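Here the structure comes first, spelled out in structure tokens, and everything after it is commentary.
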Amino acid sequence: MSAFWRVFLRQKADVSQVCKNRNRRHAIANATALDQGAGSLAGPWTASWWGSGRSPDKGFHIQAFQLQIANIFPRQRTPGTVEHIITVQNLCKNYGGIPVVDHISFQVRSGECFGILGPNGAGKTTTLRMLIGLTPLDGGVLEILGLPMHPDQRSVSQHLGVISQENNLDDDLSVQENILVYGHYFGLGDKVIRSRLEELLAFALLTDRRHQPVRTLSGGMKRRLVLARSLVAEPKLVILDEPTTGLDPQARHLIWQRLRTLKEKGVTLLLTTHYMEEAAHLCDRLLVMNRGHILDLGSPRELIARHVEPEVVEIRSCGGRLDPTRLQNHSGRQEIVGDLLYCYAHDTTELLATLRTLPDLTFLARPANLEDLFLKLTGHDLRE
């Protein structure tokens with residue numbers, strides 16, 4: 001049986017609905033006629049009539065029928081090698097007339113780790129949901145692997161690995177059963193999945209727990225399993241939404257190590273995170289969002305240099321309220337956050353000398369980091 005007929009047999013049950021959606025009711029009649037006597041789909045047809053385009057006894061014109069079915073089930077383009085694995089132009093999404101993502105544009109290079117930072121309500125998760133086809137676009141252009149992204153674009157979805165904030169594992173299955181079942185969602189056969197199983201278990205450091213029920217795993221183990229499971233179809237792009245939320249430092253560093261290993265193998269990573277240390281460790285470039293807009297984009301080092309003075313001193317009073325006027329003669333920018341005074345400057349030598357003469361104050365001198373950048377661009381207000 002040819003590949004064409006295998007595809008048709010698998011999908012012809014959906015012909016009526018597809019035709020209705022696309023106003024192709026004439027194709028329903030053709031499919032019905034074929035089933036009712038225009039020739040058995042699995043009949044003994046040979047290459048001798050395939051080239052001529054005709055059935056030997058029914059006169060059914062195969063080439064014309066192929067063309068109609070091709071219109072109903074168009075051949076999907078397959079992704080190739082592209083410089084930018086994600087291209088976003090004027091992407092927007094509104095809820096109740098309020099813009100949640102407001103005409104943003106950016107590109108993600110193949111093989112890089114690209115991070116999206118922003119406070120709650122910035123539009124990060126909505127952007128990710130549009131990237132993986134779960135939320136429809138209200139406007140703009142979105143391409144992944146050089147192809148337009150929409151829910152029906154299976155040739156794109158099969159090359160994506162997605163890790164959500166929640167551990168959406170099946171607690172009633174074992175570790176390896178979770179991987180096997182997930183692989184079937186991508187149309188992979190048991191033989192293919194099992195050929196990759198050992199490597200995935202080793203990648204997640206779960207080989208010795210392969211038969212253990214998922215409900216008995218620690219939080220870090222579950223997170224590693226979610227990561228390994230997302231790789232079963234060997235994706236070119238892995239999208240991670242808060243990949244290490246709720247993990248202890250040891251588990252978090254182990255996930256980071258696994259992600260760096262993926263990047264070394266050429267897998268492109270896109271992640272959102274609230275951990276500034278995580279973004280600094282993993283990301284080649286960062287996009288900072290707030291209220292649906294892009295505030296800036298660049299490498300962590302570039303962003304810090306553009307927006308924050310290089311040296312920072314954190315000052316706290318040992319007792320009572322801190323009076324910032326005691327240090328107002330020193331150059332630089334000052335900000336009060338709670339009971340802390342932050343002093344930003346290009347040179348803090350004189351400030352540190354003064355602080356050493358004030359025993360009622362404690363202080364910490366450090367270089368500027370992504371947290372300083374984040375607070376400078378998005379503000380200090382708490383958002384739920």
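How things are named: the first chain in the structure tokens is A, the next is B, and so on; residues count from 1 in each chain; ligands count from 1 in the order shown.
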Excluding Leu247 of chain A and any residue of its chain fewer than 5 positions from it, enumerate the residues within 7 Å of it, using only C-alpha atoms, and give them as JSON, numbers by chain. {"A": [219, 220, 252]}
Take the residues from that selection and put them in a file with N, CA, C and O atoms, as an mmCIF file, in the first residue's frame.
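Below is the file that was written, out10.cif:
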```
data_model
loop_
_atom_site.group_PDB
_atom_site.id
_atom_site.type_symbol
_atom_site.label_atom_id
_atom_site.label_comp_id
_atom_site.auth_asym_id
_atom_site.auth_seq_id
_atom_site.Cartn_x
_atom_site.Cartn_y
_atom_site.Cartn_z
ATOM 1 N N GLY A 219 11.311 16.432 44.600
ATOM 2 C CA GLY A 219 11.004 17.495 43.654
ATOM 3 C C GLY A 219 12.071 17.658 42.584
ATOM 4 O O GLY A 219 11.761 17.866 41.404
ATOM 5 N N GLY A 220 13.339 17.557 42.988
ATOM 6 C CA GLY A 220 14.420 17.685 42.018
ATOM 7 C C GLY A 220 14.430 16.553 41.003
ATOM 8 O O GLY A 220 14.685 16.765 39.811
ATOM 9 N N ARG A 252 18.858 22.786 41.855
ATOM 10 C CA ARG A 252 18.864 23.830 40.836
ATOM 11 C C ARG A 252 20.150 23.799 40.031
ATOM 12 O O ARG A 252 20.140 23.868 38.793
#
```
Pick out the residues sitting within 9 Å of segment 101-109 of chain A, and hand them over as an NGL selection string; count only C-alpha atoms, and ignore anything fewer than 6 positions along from it in its own chain.
:A and (82-94 or 122-124 or 126-127 or 139-141 or 268 or 270 or 285 or 287 or 291-294 or 297)
Taking the chain letters and numbering used in this document, name the residues of segment 54-260 of chain A that DSSP puts in strand (DSSP E), as a PyMOL selection string.
chain A and resi 84-95+98-109+113-117+139-144+147-148+160-163+237-241
Output the selection as a tab-separated table (two decimals), in the first residue's frame - N, CA and C atoms for each residue.
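Saved as selection18.tsv:
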```tsv
chain	number	residue	atom	x	y	z
A	84	HIS	N	18.04	32.01	12.61
A	84	HIS	CA	17.20	32.39	13.75
A	84	HIS	C	16.11	31.33	13.90
A	85	ILE	N	16.15	30.63	15.01
A	85	ILE	CA	15.20	29.53	15.21
A	85	ILE	C	13.82	30.06	15.61
A	86	ILE	N	13.76	31.28	16.14
A	86	ILE	CA	12.50	31.95	16.44
A	86	ILE	C	12.56	33.37	15.89
A	87	THR	N	11.51	33.77	15.18
A	87	THR	CA	11.38	35.14	14.71
A	87	THR	C	10.01	35.66	15.12
A	88	VAL	N	10.00	36.75	15.86
A	88	VAL	CA	8.77	37.37	16.35
A	88	VAL	C	8.73	38.80	15.85
A	89	GLN	N	7.64	39.17	15.19
A	89	GLN	CA	7.48	40.53	14.68
A	89	GLN	C	6.11	41.08	15.06
A	90	ASN	N	6.12	42.17	15.82
A	90	ASN	CA	4.88	42.86	16.21
A	90	ASN	C	3.85	41.92	16.82
A	91	LEU	N	4.30	40.99	17.65
A	91	LEU	CA	3.42	40.02	18.28
A	91	LEU	C	2.56	40.72	19.33
A	92	CYS	N	1.25	40.42	19.31
A	92	CYS	CA	0.39	41.07	20.30
A	92	CYS	C	-0.73	40.12	20.72
A	93	LYS	N	-1.18	40.33	21.97
A	93	LYS	CA	-2.28	39.56	22.53
A	93	LYS	C	-3.04	40.45	23.50
A	94	ASN	N	-4.38	40.48	23.35
A	94	ASN	CA	-5.22	41.29	24.21
A	94	ASN	C	-6.21	40.41	24.95
A	95	TYR	N	-6.50	40.78	26.19
A	95	TYR	CA	-7.55	40.13	26.97
A	95	TYR	C	-8.50	41.22	27.47
A	98	ILE	N	-7.44	44.75	26.83
A	98	ILE	CA	-6.20	45.21	27.48
A	98	ILE	C	-5.02	44.46	26.86
A	99	PRO	N	-4.01	45.16	26.35
A	99	PRO	CA	-2.86	44.48	25.74
A	99	PRO	C	-1.99	43.80	26.81
A	100	VAL	N	-1.85	42.50	26.69
A	100	VAL	CA	-0.99	41.74	27.59
A	100	VAL	C	0.40	41.59	26.98
A	101	VAL	N	0.43	41.40	25.68
A	101	VAL	CA	1.68	41.44	24.91
A	101	VAL	C	1.45	42.47	23.81
A	102	ASP	N	2.27	43.52	23.80
A	102	ASP	CA	1.96	44.71	23.02
A	102	ASP	C	2.99	44.94	21.91
A	103	HIS	N	2.79	44.25	20.78
A	103	HIS	CA	3.60	44.46	19.57
A	103	HIS	C	5.10	44.34	19.84
A	104	ILE	N	5.50	43.18	20.33
A	104	ILE	CA	6.91	42.94	20.61
A	104	ILE	C	7.58	42.24	19.44
A	105	SER	N	8.86	42.48	19.26
A	105	SER	CA	9.65	41.86	18.19
A	105	SER	C	11.01	41.43	18.73
A	106	PHE	N	11.42	40.21	18.39
A	106	PHE	CA	12.75	39.73	18.75
A	106	PHE	C	13.05	38.48	17.94
A	107	GLN	N	14.32	38.06	17.96
A	107	GLN	CA	14.75	36.84	17.29
A	107	GLN	C	15.63	36.04	18.24
A	108	VAL	N	15.53	34.72	18.14
A	108	VAL	CA	16.37	33.82	18.93
A	108	VAL	C	17.28	33.07	17.96
A	109	ARG	N	18.58	33.17	18.20
A	109	ARG	CA	19.54	32.54	17.31
A	109	ARG	C	19.63	31.04	17.58
A	113	CYS	N	21.09	30.16	24.34
A	113	CYS	CA	20.13	30.14	25.43
A	113	CYS	C	19.59	31.56	25.59
A	114	PHE	N	18.31	31.71	25.36
A	114	PHE	CA	17.67	33.02	25.34
A	114	PHE	C	16.71	33.10	26.51
A	115	GLY	N	16.86	34.13	27.33
A	115	GLY	CA	16.02	34.26	28.53
A	115	GLY	C	15.06	35.42	28.43
A	116	ILE	N	13.89	35.25	29.05
A	116	ILE	CA	12.91	36.33	29.15
A	116	ILE	C	12.69	36.63	30.63
A	117	LEU	N	12.99	37.86	31.02
A	117	LEU	CA	12.84	38.30	32.40
A	117	LEU	C	11.69	39.30	32.49
A	139	GLY	N	-2.28	39.32	16.63
A	139	GLY	CA	-1.63	40.08	15.56
A	139	GLY	C	-0.15	39.80	15.55
A	140	GLY	N	0.48	40.11	14.42
A	140	GLY	CA	1.91	39.92	14.30
A	140	GLY	C	2.29	38.65	13.57
A	141	VAL	N	3.59	38.43	13.49
A	141	VAL	CA	4.15	37.27	12.80
A	141	VAL	C	4.99	36.46	13.78
A	142	LEU	N	4.80	35.15	13.77
A	142	LEU	CA	5.56	34.25	14.64
A	142	LEU	C	6.03	33.06	13.82
A	143	GLU	N	7.35	32.92	13.68
A	143	GLU	CA	7.93	31.81	12.95
A	143	GLU	C	8.89	31.04	13.85
A	144	ILE	N	8.81	29.72	13.78
A	144	ILE	CA	9.71	28.84	14.51
A	144	ILE	C	10.31	27.87	13.51
A	147	LEU	N	9.21	28.34	9.94
A	147	LEU	CA	7.83	28.06	9.56
A	147	LEU	C	6.87	28.83	10.45
A	148	PRO	N	5.72	29.23	9.91
A	148	PRO	CA	4.72	29.93	10.75
A	148	PRO	C	4.19	28.99	11.82
A	160	LEU	N	9.71	20.66	19.06
A	160	LEU	CA	9.72	21.45	20.28
A	160	LEU	C	9.70	20.54	21.50
A	161	GLY	N	10.48	20.90	22.50
A	161	GLY	CA	10.38	20.31	23.82
A	161	GLY	C	9.88	21.39	24.76
A	162	VAL	N	8.85	21.09	25.54
A	162	VAL	CA	8.22	22.11	26.38
A	162	VAL	C	8.23	21.65	27.83
A	163	ILE	N	8.69	22.54	28.71
A	163	ILE	CA	8.70	22.27	30.15
A	163	ILE	C	7.92	23.39	30.83
A	237	LEU	N	14.48	22.76	19.67
A	237	LEU	CA	14.22	23.90	20.56
A	237	LEU	C	13.52	23.40	21.81
A	238	VAL	N	14.04	23.78	22.98
A	238	VAL	CA	13.40	23.45	24.26
A	238	VAL	C	12.97	24.76	24.92
A	239	ILE	N	11.68	24.84	25.27
A	239	ILE	CA	11.11	26.02	25.90
A	239	ILE	C	10.80	25.69	27.34
A	240	LEU	N	11.33	26.48	28.27
A	240	LEU	CA	11.22	26.19	29.70
A	240	LEU	C	10.61	27.38	30.43
A	241	ASP	N	9.52	27.14	31.13
A	241	ASP	CA	8.85	28.19	31.90
A	241	ASP	C	9.16	27.96	33.38
```
Asp171 of chain A environment, 8 Å, only C-alpha atoms, sequence neighbours closer than 3 positions dropped, as a ChimeraX atom specification = /A:174,213-215
Based on the selection just made, write all heavy atoms of those residues as a compact mmCIF listing (two decimals), in the first residue's frame.
```txt
# COMPACT_ATOMS: atom_id res chain seq x y z
N SER A 174 5.60 4.59 36.33
CA SER A 174 7.00 4.59 36.73
C SER A 174 7.76 5.66 35.95
O SER A 174 7.22 6.29 35.02
CB SER A 174 7.63 3.23 36.47
OG SER A 174 7.72 2.99 35.08
N PRO A 213 7.80 4.38 41.06
CA PRO A 213 6.66 5.26 40.77
C PRO A 213 7.05 6.72 40.92
O PRO A 213 7.79 7.09 41.84
CB PRO A 213 5.61 4.85 41.81
CG PRO A 213 6.01 3.47 42.23
CD PRO A 213 7.50 3.43 42.14
N VAL A 214 6.54 7.55 40.05
CA VAL A 214 6.90 8.96 40.06
C VAL A 214 6.52 9.63 41.37
O VAL A 214 7.21 10.53 41.86
CB VAL A 214 6.24 9.67 38.86
CG1 VAL A 214 6.27 11.18 39.02
CG2 VAL A 214 6.95 9.28 37.57
N ARG A 215 5.42 9.22 41.97
CA ARG A 215 4.95 9.87 43.20
C ARG A 215 5.95 9.75 44.35
O ARG A 215 5.86 10.49 45.33
CB ARG A 215 3.59 9.31 43.62
CG ARG A 215 3.60 7.84 43.97
CD ARG A 215 2.22 7.38 44.44
NE ARG A 215 2.18 5.93 44.67
CZ ARG A 215 1.91 5.05 43.74
NH1 ARG A 215 1.60 5.46 42.51
NH2 ARG A 215 1.91 3.75 44.00
```
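Considering only C-alpha atoms, the residue among A:Ala365, A:Cys318, A:Leu262, A:Ala202 positioned nearest to Lys236 of chain A is A:Leu262.
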**Study point:** Test item, helix (DSSP H, G or I) assignment across segment 249-380 of chain A, answer as a VMD selection string
**Key:** chain A and resid 249 to 264 276 to 282 300 to 307 324 to 327 349 to 355 370 to 378
Kindly save the residues from that selection, with C-alpha atoms included, as a compact mmCIF listing (two decimals), in the first residue's frame.
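Below you can see out_8.txt, which holds the result:
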```txt
# COMPACT_ATOMS: atom_id res chain seq x y z
CA PRO A 249 20.23 25.02 45.48
CA GLN A 250 21.77 21.59 44.83
CA ALA A 251 18.87 20.47 42.62
CA ARG A 252 18.86 23.83 40.84
CA HIS A 253 22.58 23.62 40.00
CA LEU A 254 22.12 20.08 38.70
CA ILE A 255 19.35 21.25 36.34
CA TRP A 256 21.62 24.08 35.17
CA GLN A 257 24.36 21.57 34.42
CA ARG A 258 21.95 19.44 32.38
CA LEU A 259 20.78 22.49 30.43
CA ARG A 260 24.35 23.55 29.65
CA THR A 261 24.97 20.01 28.35
CA LEU A 262 22.00 20.38 26.01
CA LYS A 263 23.29 23.71 24.74
CA GLU A 264 26.71 22.18 24.05
CA MET A 276 18.62 36.33 38.36
CA GLU A 277 21.46 33.96 39.19
CA GLU A 278 19.91 31.39 36.86
CA ALA A 279 19.70 33.89 34.02
CA ALA A 280 23.32 34.93 34.57
CA HIS A 281 24.53 31.30 34.60
CA LEU A 282 22.62 30.10 31.54
CA PRO A 300 23.68 40.02 30.76
CA ARG A 301 26.98 41.92 30.75
CA GLU A 302 25.75 44.41 28.13
CA LEU A 303 22.48 45.08 29.94
CA ILE A 304 24.16 45.70 33.29
CA ALA A 305 26.71 48.05 31.71
CA ARG A 306 23.98 50.01 29.93
CA HIS A 307 21.71 50.59 32.90
CA PRO A 324 20.51 58.46 54.23
CA THR A 325 21.44 62.12 54.68
CA ARG A 326 24.53 60.97 56.62
CA LEU A 327 25.96 59.78 53.29
CA THR A 349 36.42 53.97 47.50
CA GLU A 350 35.56 57.14 49.46
CA LEU A 351 32.15 55.81 50.50
CA LEU A 352 33.66 52.61 51.90
CA ALA A 353 36.25 54.63 53.82
CA THR A 354 33.47 56.67 55.42
CA LEU A 355 31.40 53.59 56.28
CA LEU A 370 21.12 41.32 37.09
CA GLU A 371 18.96 41.93 40.13
CA ASP A 372 20.05 45.57 40.13
CA LEU A 373 19.24 45.76 36.43
CA PHE A 374 15.84 44.11 36.95
CA LEU A 375 14.83 46.51 39.72
CA LYS A 376 16.14 49.54 37.81
CA LEU A 377 14.07 48.72 34.71
CA THR A 378 10.90 47.26 36.23
```
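The nearest approach to Leu217 of chain A among the residues A:Leu231, A:Tyr182, A:Val175, A:Leu197, with only C-alpha atoms taken into account, belongs to A:Val175.
Considering only C-alpha atoms, the residue among A:Leu340, A:Leu137, A:Val267, A:Val308 positioned nearest to Phe363 of chain A is A:Leu340.
Take atom CA of Cys343 of chain A and atom CA of Asp284 of chain A: the distance between them is 27.9 Å.
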